[in-house]
$ cat work_11.cif   # mmCIF, C-alpha atoms
data_run
loop_
_atom_site.group_PDB
_atom_site.id
_atom_site.type_symbol
_atom_site.label_atom_id
_atom_site.label_comp_id
_atom_site.auth_asym_id
_atom_site.auth_seq_id
_atom_site.Cartn_x
_atom_site.Cartn_y
_atom_site.Cartn_z
ATOM 1 C CA MET A 1 32.271 -5.697 14.244
ATOM 2 C CA LYS A 2 31.046 -2.982 16.596
ATOM 3 C CA ILE A 3 30.206 -0.732 13.652
ATOM 4 C CA GLU A 4 28.192 -3.495 11.961
ATOM 5 C CA LYS A 5 26.312 -4.208 15.187
ATOM 6 C CA LEU A 6 25.457 -0.534 15.605
ATOM 7 C CA THR A 7 24.163 -0.353 12.012
ATOM 8 C CA LEU A 8 21.997 -3.421 12.535
ATOM 9 C CA ASP A 9 20.559 -1.985 15.749
ATOM 10 C CA ASN A 10 19.685 1.240 13.936
ATOM 11 C CA GLU A 11 17.946 -0.715 11.183
ATOM 12 C CA ASP A 12 15.951 -2.650 13.781
ATOM 13 C CA LEU A 13 14.910 0.592 15.453
ATOM 14 C CA ARG A 14 13.860 2.083 12.124
ATOM 15 C CA GLY A 15 11.665 -0.950 11.428
ATOM 16 C CA ASP A 16 10.060 -1.021 14.858
ATOM 17 C CA ASP A 17 9.305 2.696 14.652
ATOM 18 C CA HIS A 18 7.827 2.267 11.133
ATOM 19 C CA VAL A 19 9.942 5.058 9.734
ATOM 20 C CA GLY A 20 10.121 5.372 5.958
ATOM 21 C CA SER A 21 13.107 6.726 4.074
ATOM 22 C CA SER A 22 11.409 8.154 0.985
ATOM 23 C CA ALA A 23 8.077 9.346 -0.375
ATOM 24 C CA GLN A 24 8.769 7.137 -3.402
ATOM 25 C CA THR A 25 9.015 3.369 -3.315
ATOM 26 C CA PRO A 26 12.763 2.588 -3.158
ATOM 27 C CA LEU A 27 13.488 0.690 -6.385
ATOM 28 C CA ARG A 28 16.801 -0.019 -8.080
ATOM 29 C CA THR A 29 17.355 1.162 -11.645
ATOM 30 C CA ASP A 30 17.572 -2.473 -12.800
ATOM 31 C CA ALA A 31 14.385 -3.495 -10.986
ATOM 32 C CA PHE A 32 12.708 -4.784 -14.146
ATOM 33 C CA ASP A 33 15.625 -6.304 -16.022
ATOM 34 C CA LEU A 34 14.305 -9.759 -15.071
ATOM 35 C CA ASP A 35 10.889 -10.869 -16.257
ATOM 36 C CA ASP A 36 8.295 -12.329 -13.878
ATOM 37 C CA ASP A 37 9.197 -15.962 -14.611
ATOM 38 C CA GLN A 38 12.875 -15.320 -13.895
ATOM 39 C CA LYS A 39 12.012 -13.568 -10.630
ATOM 40 C CA ILE A 40 9.731 -16.420 -9.565
ATOM 41 C CA GLU A 41 12.461 -18.974 -10.243
ATOM 42 C CA LEU A 42 15.039 -17.065 -8.196
ATOM 43 C CA ILE A 43 12.671 -16.281 -5.310
ATOM 44 C CA GLN A 44 11.501 -19.904 -5.215
ATOM 45 C CA GLU A 45 15.094 -21.015 -4.707
ATOM 46 C CA LYS A 46 15.689 -18.479 -1.907
ATOM 47 C CA VAL A 47 12.438 -19.300 -0.085
ATOM 48 C CA GLY A 48 13.391 -22.970 -0.200
ATOM 49 C CA GLU A 49 16.767 -22.082 1.343
ATOM 50 C CA ILE A 50 15.056 -20.123 4.129
ATOM 51 C CA LEU A 51 12.699 -22.970 4.982
ATOM 52 C CA HIS A 52 15.560 -25.464 4.840
ATOM 53 C CA THR A 53 17.612 -23.266 7.181
ATOM 54 C CA LEU A 54 14.686 -23.177 9.601
ATOM 55 C CA GLY A 55 14.771 -26.967 9.674
ATOM 56 C CA MET A 56 11.668 -27.676 7.590
ATOM 57 C CA ASP A 57 11.460 -30.905 5.587
ATOM 58 C CA LEU A 58 10.763 -29.758 2.033
ATOM 59 C CA THR A 59 10.135 -33.333 0.890
ATOM 60 C CA ASP A 60 6.918 -33.356 2.908
ATOM 61 C CA ASP A 61 3.787 -33.223 0.731
ATOM 62 C CA SER A 62 2.524 -30.132 2.556
ATOM 63 C CA LEU A 63 5.754 -28.171 2.103
ATOM 64 C CA LYS A 64 7.316 -29.174 -1.191
ATOM 65 C CA GLY A 65 5.187 -26.738 -3.199
ATOM 66 C CA THR A 66 5.521 -23.863 -0.721
ATOM 67 C CA PRO A 67 8.617 -22.127 -2.209
ATOM 68 C CA LYS A 68 6.993 -21.853 -5.639
ATOM 69 C CA ARG A 69 3.642 -20.767 -4.191
ATOM 70 C CA VAL A 70 5.331 -18.027 -2.161
ATOM 71 C CA ALA A 71 7.400 -16.869 -5.143
ATOM 72 C CA LYS A 72 4.335 -16.618 -7.391
ATOM 73 C CA MET A 73 2.421 -14.797 -4.656
ATOM 74 C CA PHE A 74 5.217 -12.257 -4.253
ATOM 75 C CA VAL A 75 5.573 -11.499 -7.964
ATOM 76 C CA LYS A 76 2.023 -11.898 -9.274
ATOM 77 C CA ASP A 77 -0.039 -10.853 -6.281
ATOM 78 C CA ILE A 78 1.021 -9.047 -3.130
ATOM 79 C CA PHE A 79 3.970 -7.206 -4.739
ATOM 80 C CA SER A 80 2.528 -6.830 -8.238
ATOM 81 C CA GLY A 81 2.157 -3.074 -7.651
ATOM 82 C CA LEU A 82 5.913 -2.686 -8.001
ATOM 83 C CA HIS A 83 5.730 -3.107 -11.776
ATOM 84 C CA PRO A 84 4.567 -0.004 -13.695
ATOM 85 C CA ASP A 85 2.902 -2.208 -16.326
ATOM 86 C CA ASN A 86 0.318 -3.112 -13.671
ATOM 87 C CA LYS A 87 -0.714 0.482 -13.009
ATOM 88 C CA PRO A 88 -4.478 0.803 -13.670
ATOM 89 C CA LYS A 89 -5.502 2.924 -16.634
ATOM 90 C CA ALA A 90 -7.577 5.632 -15.025
ATOM 91 C CA SER A 91 -9.559 7.192 -17.868
ATOM 92 C CA THR A 92 -11.238 10.481 -17.074
ATOM 93 C CA PHE A 93 -14.506 11.937 -18.378
ATOM 94 C CA ASP A 94 -15.940 15.402 -18.676
ATOM 95 C CA ASN A 95 -17.982 16.425 -15.662
ATOM 96 C CA LYS A 96 -21.049 17.050 -17.820
ATOM 97 C CA TYR A 97 -23.457 17.020 -14.903
ATOM 98 C CA LYS A 98 -21.474 19.852 -13.268
ATOM 99 C CA TYR A 99 -21.223 18.128 -9.893
ATOM 100 C CA GLY A 100 -19.089 20.496 -7.829
ATOM 101 C CA GLU A 101 -19.171 19.069 -4.323
ATOM 102 C CA ILE A 102 -16.953 16.513 -2.615
ATOM 103 C CA LEU A 103 -17.039 12.985 -4.000
ATOM 104 C CA VAL A 104 -16.001 10.361 -1.457
ATOM 105 C CA GLU A 105 -15.164 6.708 -2.041
ATOM 106 C CA LYS A 106 -14.974 5.342 1.486
ATOM 107 C CA ASN A 107 -14.240 1.995 3.128
ATOM 108 C CA ILE A 108 -11.972 0.799 0.321
ATOM 109 C CA THR A 109 -10.610 -2.532 1.528
ATOM 110 C CA LEU A 110 -6.847 -2.317 1.865
ATOM 111 C CA TYR A 111 -4.303 -5.125 1.924
ATOM 112 C CA SER A 112 -0.636 -4.228 1.890
ATOM 113 C CA THR A 113 2.676 -5.464 3.295
ATOM 114 C CA CYS A 114 4.950 -3.722 5.783
ATOM 115 C CA GLU A 115 8.335 -3.258 4.128
ATOM 116 C CA HIS A 116 10.170 -3.656 7.437
ATOM 117 C CA HIS A 117 9.002 -7.152 8.410
ATOM 118 C CA LEU A 118 7.010 -8.289 5.333
ATOM 119 C CA LEU A 119 3.900 -8.767 7.446
ATOM 120 C CA PRO A 120 0.374 -7.758 6.386
ATOM 121 C CA ILE A 121 -1.211 -4.334 6.701
ATOM 122 C CA VAL A 122 -5.014 -4.603 6.680
ATOM 123 C CA GLY A 123 -7.470 -1.740 6.789
ATOM 124 C CA LYS A 124 -9.656 0.778 5.001
ATOM 125 C CA ALA A 125 -8.866 3.716 2.754
ATOM 126 C CA HIS A 126 -11.162 6.712 2.277
ATOM 127 C CA VAL A 127 -10.525 8.869 -0.782
ATOM 128 C CA ALA A 128 -12.144 12.137 -1.870
ATOM 129 C CA TYR A 129 -11.814 14.736 -4.592
ATOM 130 C CA ILE A 130 -13.552 17.782 -5.994
ATOM 131 C CA SER A 131 -13.829 17.852 -9.769
ATOM 132 C CA ASN A 132 -11.838 20.399 -11.751
ATOM 133 C CA GLY A 133 -13.871 19.651 -14.865
ATOM 134 C CA THR A 134 -13.150 15.929 -15.111
ATOM 135 C CA VAL A 135 -14.219 12.841 -13.172
ATOM 136 C CA VAL A 136 -12.821 9.328 -12.892
ATOM 137 C CA GLY A 137 -14.675 6.009 -12.678
ATOM 138 C CA LEU A 138 -15.355 5.031 -9.083
ATOM 139 C CA SER A 139 -13.703 1.614 -9.392
ATOM 140 C CA LYS A 140 -10.509 3.287 -10.608
ATOM 141 C CA MET A 141 -10.122 4.906 -7.207
ATOM 142 C CA ASN A 142 -10.207 1.449 -5.625
ATOM 143 C CA ARG A 143 -7.732 0.158 -8.200
ATOM 144 C CA ILE A 144 -5.293 3.008 -7.568
ATOM 145 C CA VAL A 145 -5.361 2.232 -3.847
ATOM 146 C CA GLN A 146 -4.854 -1.451 -4.619
ATOM 147 C CA TYR A 147 -1.982 -0.799 -7.030
ATOM 148 C CA TYR A 148 0.062 1.237 -4.568
ATOM 149 C CA ALA A 149 -0.827 -1.109 -1.699
ATOM 150 C CA GLN A 150 0.480 -4.173 -3.548
ATOM 151 C CA ARG A 151 4.140 -3.560 -2.782
ATOM 152 C CA PRO A 152 6.310 -3.449 0.336
ATOM 153 C CA GLN A 153 4.973 -0.290 1.943
ATOM 154 C CA VAL A 154 4.982 2.268 4.692
ATOM 155 C CA GLN A 155 1.487 3.596 5.415
ATOM 156 C CA GLU A 156 2.526 7.233 5.253
ATOM 157 C CA ARG A 157 4.039 6.718 1.805
ATOM 158 C CA LEU A 158 0.990 4.807 0.592
ATOM 159 C CA THR A 159 -1.289 7.665 1.642
ATOM 160 C CA LEU A 160 0.838 10.195 -0.225
ATOM 161 C CA GLN A 161 1.099 8.029 -3.343
ATOM 162 C CA VAL A 162 -2.675 7.587 -3.607
ATOM 163 C CA VAL A 163 -3.252 11.346 -3.353
ATOM 164 C CA GLU A 164 -0.453 12.256 -5.775
ATOM 165 C CA GLU A 165 -1.638 9.742 -8.379
ATOM 166 C CA LEU A 166 -5.235 10.992 -8.283
ATOM 167 C CA GLN A 167 -4.028 14.586 -8.452
ATOM 168 C CA LYS A 168 -2.220 13.743 -11.687
ATOM 169 C CA VAL A 169 -5.139 11.759 -13.115
ATOM 170 C CA LEU A 170 -7.731 14.435 -12.305
ATOM 171 C CA ASN A 171 -5.481 17.473 -12.885
ATOM 172 C CA THR A 172 -6.427 18.990 -9.545
ATOM 173 C CA LYS A 173 -4.833 19.426 -6.131
ATOM 174 C CA ASP A 174 -8.210 18.924 -4.456
ATOM 175 C CA VAL A 175 -7.708 15.299 -3.389
ATOM 176 C CA ALA A 176 -7.651 13.777 0.081
ATOM 177 C CA CYS A 177 -7.028 10.347 1.555
ATOM 178 C CA VAL A 178 -7.351 8.857 5.039
ATOM 179 C CA ILE A 179 -6.153 5.327 5.796
ATOM 180 C CA ASP A 180 -6.952 3.402 8.983
ATOM 181 C CA ALA A 181 -5.103 0.087 9.163
ATOM 182 C CA LYS A 182 -3.765 -2.605 11.431
ATOM 183 C CA HIS A 183 -0.130 -3.646 11.099
ATOM 184 C CA LEU A 184 0.587 -7.255 11.962
ATOM 185 C CA CYS A 185 4.192 -6.305 12.745
ATOM 186 C CA VAL A 186 2.641 -4.460 15.718
ATOM 187 C CA ASN A 187 -0.280 -6.804 16.379
ATOM 188 C CA ALA A 188 1.455 -10.188 15.994
ATOM 189 C CA ARG A 189 5.095 -9.521 16.977
ATOM 190 C CA GLY A 190 7.077 -7.022 19.005
ATOM 191 C CA ILE A 191 4.656 -5.220 21.321
ATOM 192 C CA ARG A 192 1.795 -7.573 20.236
ATOM 193 C CA ASP A 193 -0.860 -4.882 20.685
ATOM 194 C CA ILE A 194 -3.887 -6.391 18.936
ATOM 195 C CA THR A 195 -6.230 -3.440 19.492
ATOM 196 C CA SER A 196 -4.281 -0.522 18.047
ATOM 197 C CA SER A 197 -4.528 0.744 14.486
ATOM 198 C CA THR A 198 -2.639 3.405 12.542
ATOM 199 C CA VAL A 199 -4.367 6.390 10.929
ATOM 200 C CA THR A 200 -2.664 8.527 8.269
ATOM 201 C CA ALA A 201 -4.035 11.372 6.170
ATOM 202 C CA GLU A 202 -3.034 13.608 3.296
ATOM 203 C CA PHE A 203 -5.099 16.668 2.401
ATOM 204 C CA GLY A 204 -4.448 18.453 -0.873
ATOM 205 C CA GLY A 205 -5.746 21.736 -2.252
ATOM 206 C CA VAL A 206 -8.979 22.958 -0.679
ATOM 207 C CA PHE A 207 -8.968 19.997 1.719
ATOM 208 C CA LYS A 208 -6.307 21.845 3.691
ATOM 209 C CA GLN A 209 -9.065 24.295 4.633
ATOM 210 C CA GLN A 210 -10.634 23.285 7.929
ATOM 211 C CA ASP A 211 -14.235 23.372 6.672
ATOM 212 C CA LYS A 212 -13.561 21.101 3.677
ATOM 213 C CA LYS A 213 -11.357 18.817 5.748
ATOM 214 C CA GLN A 214 -14.104 18.462 8.344
ATOM 215 C CA GLU A 215 -16.751 17.879 5.672
ATOM 216 C CA PHE A 216 -14.689 15.002 4.272
ATOM 217 C CA LEU A 217 -14.158 13.519 7.736
ATOM 218 C CA ASP A 218 -17.893 13.786 8.445
ATOM 219 C CA TYR A 219 -18.672 11.838 5.252
ATOM 220 C CA ILE A 220 -16.422 9.027 6.481
ATOM 221 C CA LYS A 221 -18.454 8.754 9.698
ATOM 222 C CA ILE A 222 -21.755 8.175 7.858
ATOM 223 C CA GLU A 223 -23.033 4.660 8.466
ATOM 224 C CA THR A 224 -23.536 2.704 5.246
ATOM 225 C CA GLU A 225 -26.169 -0.036 5.496
ATOM 226 C CA PHE A 226 -27.848 -2.031 2.746
#
$ encode --input "work_11.cif" --output "structure tokens"
Amino acid sequence: MKIEKLTLDNEDLRGDDHVGSSAQTPLRTDAFDLDDDQKIELIQEKVGEILHTLGMDLTDDSLKGTPKRVAKMFVKDIFSGLHPDNKPKASTFDNKYKYGEILVEKNITLYSTCEHHLLPIVGKAHVAYISNGTVVGLSKMNRIVQYYAQRPQVQERLTLQVVEELQKVLNTKDVACVIDAKHLCVNARGIRDITSSTVTAEFGGVFKQQDKKQEFLDYIKIETEF
């Protein structure tokens, strides 16, 4: 029993410190053996068991549909980025106008879920690249952020995944991403610090050079008003 208690304490510490275990989302090899409907049915049953264990009356009109709503939300919405079939098709185009400077898509609204407590992560992502002969549609950058955000996540991993995906799509290392987000597992539980946010960054290729890195960061600071 002492060994089990020690393991549990270590897991709690890992969650509170927001430490990730891998740069890749940890998925089992049989992750997609069940289809979405089968997953929803199983999750619905388990959510009902959790609410019942908490003492909730699932015959109440307000609660009786909650297990199914939560199950559908998990599979079809907030964790839909787990399934590779949902990855956005990021078509590229020739850079015919020969634009060779930094392109920045900033203030991308970010909603994700902390994989340690399954509480929301809410913030902004700022993504940049320099063309290596091809460009990608602006909305695809948003969709790539959204795809990797819609899964249980660690912010550091999310930042890396966005950069690595765009590097593959654009066939260039010159990609950068900064994410500034609030974690409700910090804001609403534990330390309950409502003012703090977490900033992560990944700089690839020329963005590792101080001048290009600073240029990207300066773009982020520009006020956008319409």
$ closest_residue --input "work_11.cif" --among "A:Val135, A:Val127, A:Leu158, A:Met56" --to "Gly100 in chain A" --atoms "all atoms listed in the file"
A:Val135
$ atom_distance --input "work_11.cif" --atom1 "CA of Gln155 in chain A" --atom2 "CA of Pro67 in chain A"
27.8 Å
$ residues_near_point --input "work_11.cif" --point "(-10.5, -2.0, 1.7)" --cutoff "12 Å" --atoms "all atoms listed in the file" --output "ChimeraX atom specification"
/A:105-112,121-127,141-146,149,178-182
$ closest_residue --input "work_11.cif" --among "A:Gly65, A:Gly204, A:Pro84, A:Gly55" --to "Phe32 in chain A" --atoms "all atoms listed in the file"
A:Pro84
$ resolve_selection --input "work_11.cif" --expression "the PyMOL selection byres ((chain A and resi 199-203) around 9)" --output "list in words"
Gln155, Glu156, Thr159, Leu160, Val163, Lys173, Asp174, Val175, Ala176, Cys177, Val178, Ile179, Asp180, Ala181, Ser197, Thr198, Gly204, Gly205, Val206, Phe207, Lys208, Gln209 and Lys213 of chain A
$ closest_residue --input "work_11.cif" --among "A:Val104, A:Thr53, A:Gln161, A:Gln38" --to "Leu138 in chain A" --atoms "all atoms listed in the file"
A:Val104
$ residues_around --input "work_11.cif" --residues "range 168-171 of chain A" --least-positions-apart "2" --cutoff "10 Å" --atoms "all atoms listed in the file" --output "list in words"
Lys89, Ala90, Ser91, Thr92, Phe93, Tyr129, Ile130, Ser131, Asn132, Gly133, Thr134, Val135, Val136, Val163, Glu164, Glu165, Leu166, Lys173, Asp174 and Val175 of chain A
$ atom_distance --input "work_11.cif" --atom1 "CA of Gly81 in chain A" --atom2 "CA of Arg189 in chain A"
25.6 Å
$ atom_distance --input "work_11.cif" --atom1 "CA of Ile102 in chain A" --atom2 "CA of Phe226 in chain A"
22.2 Å
$ closest_residue --input "work_11.cif" --among "A:Ala128, A:Arg157, A:Ile194, A:Lys221" --to "Cys114 in chain A" --atoms "all atoms listed in the file"
A:Arg157
$ axis_aligned_box --input "work_11.cif" --around "range 172-179 of chain A" --padding-each-side "8 Å" --output "lines of an AutoDock Vina configuration file"
center_x = -6.5
center_y = 12.4
center_z = -1.9
size_x = 19.4
size_y = 30.1
size_z = 31.3
$ resolve_selection --input "work_11.cif" --expression "the PyMOL selection byres ((chain A and resi 82) around 12)" --output "JSON, numbers by chain"
{"A": [24, 25, 26, 27, 28, 31, 32, 36, 74, 75, 76, 77, 78, 79, 80, 81, 83, 84, 85, 86, 87, 112, 146, 147, 148, 149, 150, 151, 152, 153]}
$ decode --input "work_11.cif" --residues "range 6-90 of chain A" --atoms "C-alpha atoms" --output "short mmCIF file (atom, residue, chain, number, x, y, z; two decimals), in the first residue's frame"
data_model
loop_
_atom_site.label_atom_id
_atom_site.label_comp_id
_atom_site.auth_asym_id
_atom_site.auth_seq_id
_atom_site.Cartn_x
_atom_site.Cartn_y
_atom_site.Cartn_z
CA LEU A 6 3.89 7.01 -3.26
CA THR A 7 3.00 6.49 -6.94
CA LEU A 8 -0.24 8.42 -6.53
CA ASP A 9 1.58 11.29 -4.82
CA ASN A 10 4.07 11.45 -7.68
CA GLU A 11 1.24 11.56 -10.21
CA ASP A 12 -0.41 14.39 -8.28
CA LEU A 13 2.86 16.32 -8.24
CA ARG A 14 3.32 15.80 -11.97
CA GLY A 15 -0.16 17.19 -12.63
CA ASP A 16 0.23 20.20 -10.36
CA ASP A 17 3.58 21.04 -11.94
CA HIS A 18 2.09 20.67 -15.46
CA VAL A 19 4.85 18.35 -16.56
CA GLY A 20 4.33 16.46 -19.80
CA SER A 21 5.79 13.04 -20.53
CA SER A 22 6.12 13.20 -24.31
CA ALA A 23 6.29 15.59 -27.25
CA GLN A 24 3.64 13.41 -28.90
CA THR A 25 0.11 12.96 -27.63
CA PRO A 26 0.14 9.68 -25.66
CA LEU A 27 -2.25 7.40 -27.56
CA ARG A 28 -2.66 3.63 -27.38
CA THR A 29 -2.23 1.57 -30.53
CA ASP A 30 -5.92 0.58 -30.37
CA ALA A 31 -7.11 4.16 -29.89
CA PHE A 32 -9.38 4.07 -32.94
CA ASP A 33 -10.68 0.52 -32.85
CA LEU A 34 -14.02 1.88 -31.60
CA ASP A 35 -16.02 4.26 -33.76
CA ASP A 36 -17.39 7.55 -32.41
CA ASP A 37 -20.84 6.15 -31.59
CA GLN A 38 -19.35 3.29 -29.59
CA LYS A 39 -17.11 5.70 -27.68
CA ILE A 40 -20.04 8.00 -26.91
CA GLU A 41 -22.09 5.10 -25.58
CA LEU A 42 -19.30 3.91 -23.28
CA ILE A 43 -18.37 7.40 -22.06
CA GLN A 44 -22.03 8.22 -21.42
CA GLU A 45 -22.27 5.21 -19.12
CA LYS A 46 -19.10 6.17 -17.21
CA VAL A 47 -20.11 9.83 -16.81
CA GLY A 48 -23.45 8.67 -15.43
CA GLU A 49 -21.60 6.48 -12.92
CA ILE A 50 -19.43 9.43 -11.84
CA LEU A 51 -22.42 11.70 -11.30
CA HIS A 52 -24.27 8.93 -9.47
CA THR A 53 -21.24 8.37 -7.22
CA LEU A 54 -21.19 12.09 -6.43
CA GLY A 55 -24.77 11.78 -5.23
CA MET A 56 -26.53 13.49 -8.14
CA ASP A 57 -30.10 12.51 -9.00
CA LEU A 58 -29.94 11.55 -12.68
CA THR A 59 -33.74 11.31 -12.88
CA ASP A 60 -33.94 15.09 -12.53
CA ASP A 61 -34.92 16.84 -15.77
CA SER A 62 -31.80 19.03 -15.65
CA LEU A 63 -29.40 16.11 -15.23
CA LYS A 64 -30.79 13.12 -17.08
CA GLY A 65 -29.34 14.24 -20.42
CA THR A 66 -25.97 15.31 -18.99
CA PRO A 67 -24.04 12.01 -19.44
CA LYS A 68 -24.87 11.86 -23.15
CA ARG A 69 -24.17 15.57 -23.67
CA VAL A 70 -20.77 15.22 -22.00
CA ALA A 71 -19.93 12.09 -24.00
CA LYS A 72 -20.80 13.76 -27.31
CA MET A 73 -18.82 16.85 -26.32
CA PHE A 74 -15.75 14.76 -25.52
CA VAL A 75 -15.80 12.77 -28.76
CA LYS A 76 -17.17 15.26 -31.29
CA ASP A 77 -15.91 18.54 -29.91
CA ILE A 78 -13.26 19.21 -27.29
CA PHE A 79 -11.29 15.99 -27.94
CA SER A 80 -12.01 15.66 -31.66
CA GLY A 81 -8.36 16.53 -32.40
CA LEU A 82 -7.33 13.08 -31.21
CA HIS A 83 -8.62 11.45 -34.39
CA PRO A 84 -6.32 11.80 -37.43
CA ASP A 85 -9.35 11.89 -39.76
CA ASN A 86 -10.12 15.34 -38.33
CA LYS A 87 -6.74 16.81 -39.25
CA PRO A 88 -7.33 19.85 -41.53
CA LYS A 89 -6.17 19.52 -45.12
CA ALA A 90 -3.63 22.29 -45.42
#
